[in-house]
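Text of the file protein.pdb, holding PDB, C-alpha atoms:
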```pdb
ATOM      1  CA  MET G  64      61.750  47.789  -8.974
ATOM      2  CA  ASN G  65      58.289  49.235  -9.475
ATOM      3  CA  GLU G  66      57.440  49.244 -13.185
ATOM      4  CA  GLU G  67      56.231  52.839 -13.167
ATOM      5  CA  LEU G  68      58.400  54.630 -10.604
ATOM      6  CA  ASP G  69      62.186  54.759 -10.430
ATOM      7  CA  ASN G  70      64.147  56.377  -7.636
ATOM      8  CA  HIS G  71      67.712  57.450  -6.982
ATOM      9  CA  ILE G  72      67.732  57.087  -3.207
ATOM     10  CA  HIS G  73      70.607  54.603  -3.145
ATOM     11  CA  LYS G  74      72.768  56.849  -5.347
ATOM     12  CA  PHE G  75      72.098  59.905  -3.179
ATOM     13  CA  ARG G  76      72.722  57.951   0.028
ATOM     14  CA  LEU G  77      76.092  56.758  -1.278
ATOM     15  CA  GLN G  78      77.085  60.246  -2.436
ATOM     16  CA  HIS G  79      76.209  61.726   0.963
ATOM     17  CA  LYS G  80      77.484  58.723   2.968
ATOM     18  CA  VAL G  81      74.120  58.266   4.682
ATOM     19  CA  SER G  82      72.845  54.887   5.855
ATOM     20  CA  GLN G  83      69.261  53.766   5.451
ATOM     21  CA  GLN G  84      68.856  54.088   9.223
ATOM     22  CA  GLU G  85      70.203  57.656   9.269
ATOM     23  CA  LEU G  86      67.834  58.685   6.480
ATOM     24  CA  ALA G  87      64.922  56.932   8.177
ATOM     25  CA  ASP G  88      65.631  58.653  11.491
ATOM     26  CA  ALA G  89      65.936  62.045   9.790
ATOM     27  CA  ILE G  90      62.552  61.832   8.081
ATOM     28  CA  GLY G  91      60.673  59.917  10.772
ATOM     29  CA  VAL G  92      60.114  56.512   9.180
ATOM     30  CA  SER G  93      61.510  53.031   9.729
ATOM     31  CA  ARG G  94      64.642  51.700   8.069
ATOM     32  CA  LYS G  95      62.446  49.058   6.456
ATOM     33  CA  THR G  96      60.372  51.804   4.814
ATOM     34  CA  ILE G  97      63.511  53.309   3.281
ATOM     35  CA  SER G  98      64.657  49.870   2.136
ATOM     36  CA  THR G  99      61.368  48.956   0.479
ATOM     37  CA  VAL G 100      61.038  52.336  -1.236
ATOM     38  CA  GLU G 101      64.672  52.244  -2.385
ATOM     39  CA  THR G 102      64.291  48.774  -3.920
ATOM     40  CA  GLY G 103      60.936  49.595  -5.503
ATOM     41  CA  ARG G 104      58.902  47.108  -3.492
ATOM     42  CA  PHE G 105      56.862  49.969  -2.020
ATOM     43  CA  THR G 106      55.653  53.197  -3.631
ATOM     44  CA  PRO G 107      56.108  56.018  -1.133
ATOM     45  CA  SER G 108      53.417  58.455  -0.140
ATOM     46  CA  VAL G 109      53.792  61.981  -1.421
ATOM     47  CA  VAL G 110      54.810  63.064   2.074
ATOM     48  CA  ILE G 111      57.617  60.482   2.296
ATOM     49  CA  ALA G 112      58.820  61.282  -1.221
ATOM     50  CA  LEU G 113      58.925  64.995  -0.437
ATOM     51  CA  LYS G 114      60.728  64.417   2.865
ATOM     52  CA  ILE G 115      63.402  62.307   1.145
ATOM     53  CA  ALA G 116      63.912  64.922  -1.567
ATOM     54  CA  LYS G 117      64.030  67.719   1.018
ATOM     55  CA  TYR G 118      66.589  65.793   3.081
ATOM     56  CA  PHE G 119      68.935  65.678   0.073
ATOM     57  CA  ASP G 120      67.980  69.246  -0.926
ATOM     58  CA  VAL G 121      66.843  68.308  -4.427
ATOM     59  CA  PRO G 122      63.525  68.633  -6.264
ATOM     60  CA  VAL G 123      61.388  65.537  -5.882
ATOM     61  CA  GLU G 124      61.715  65.004  -9.656
ATOM     62  CA  HIS G 125      65.467  64.460  -9.176
ATOM     63  CA  MET G 126      64.839  61.732  -6.618
ATOM     64  CA  PHE G 127      61.859  60.008  -8.275
ATOM     65  CA  GLU G 128      60.818  59.668 -11.894
ATOM     66  CA  LEU G 129      58.134  57.944 -13.893
ATOM     67  CA  ARG G 130      59.208  55.544 -16.621
TER      68      ARG G 130
END
```

Entire entry expressed as structure tokens:
Amino acid sequence: MNEELDNHIHKFRLQHKVSQQELADAIGVSRKTISTVETGRFTPSVVIALKIAKYFDVPVEHMFELR
């Protein structure tokens, strides 16, 4: 995971029973993008981070946090 940015995408996906592909389709990115952001191999753009937070109807600070 990225040393400066943590995320809770996996937790929210499990709670809402949403696959990586479903989330990707909903926000207009590839499944690979969701996977790499979720595992911390890729830091998302502000736009992607906001779209993910909006999809789960939470503030972006609930989805992503700095360590």

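The list of residues with at least one atom within 10 Å of range 102-118 of chain G, based on only C-alpha atoms and without residues fewer than 6 positions apart in the same chain, reads Met64, Asn65, Glu66, Glu67, Leu68, Asp69, Asn70, His71, Ile72, His73, Phe75, Leu86, Ala87, Ala89, Ile90, Gly91, Val92, Thr96, Glu124, His125, Met126 and Phe127 of chain G.
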
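Take CA of Glu85 in chain G and CA of Leu129 in chain G: the distance between them is 26.1 Å.
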
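The space separating CA of Arg76 in chain G from CA of Asp120 in chain G comes to 12.3 Å.
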
Report task. Give me, please, the distance in Å between CA of Gln84 in chain G and CA of Ile97 in chain G, quoted to one decimal. Result -> 8.0 Å

Query - Counting all atoms listed in the file, the residue of G:Thr99, G:Arg94, G:Phe119, G:Arg130 that sits nearest Ser82 in chain G - result: G:Arg94

Padding of 4 Å on every side, edges along x, y and z, all listed atoms of range 112-118 of chain G included: what centre and edge lengths in Å, to one decimal, does that box have, as lines of an AutoDock Vina configuration file?
```
center_x = 62.7
center_y = 64.5
center_z = 0.8
size_x = 15.8
size_y = 14.4
size_z = 12.6
```
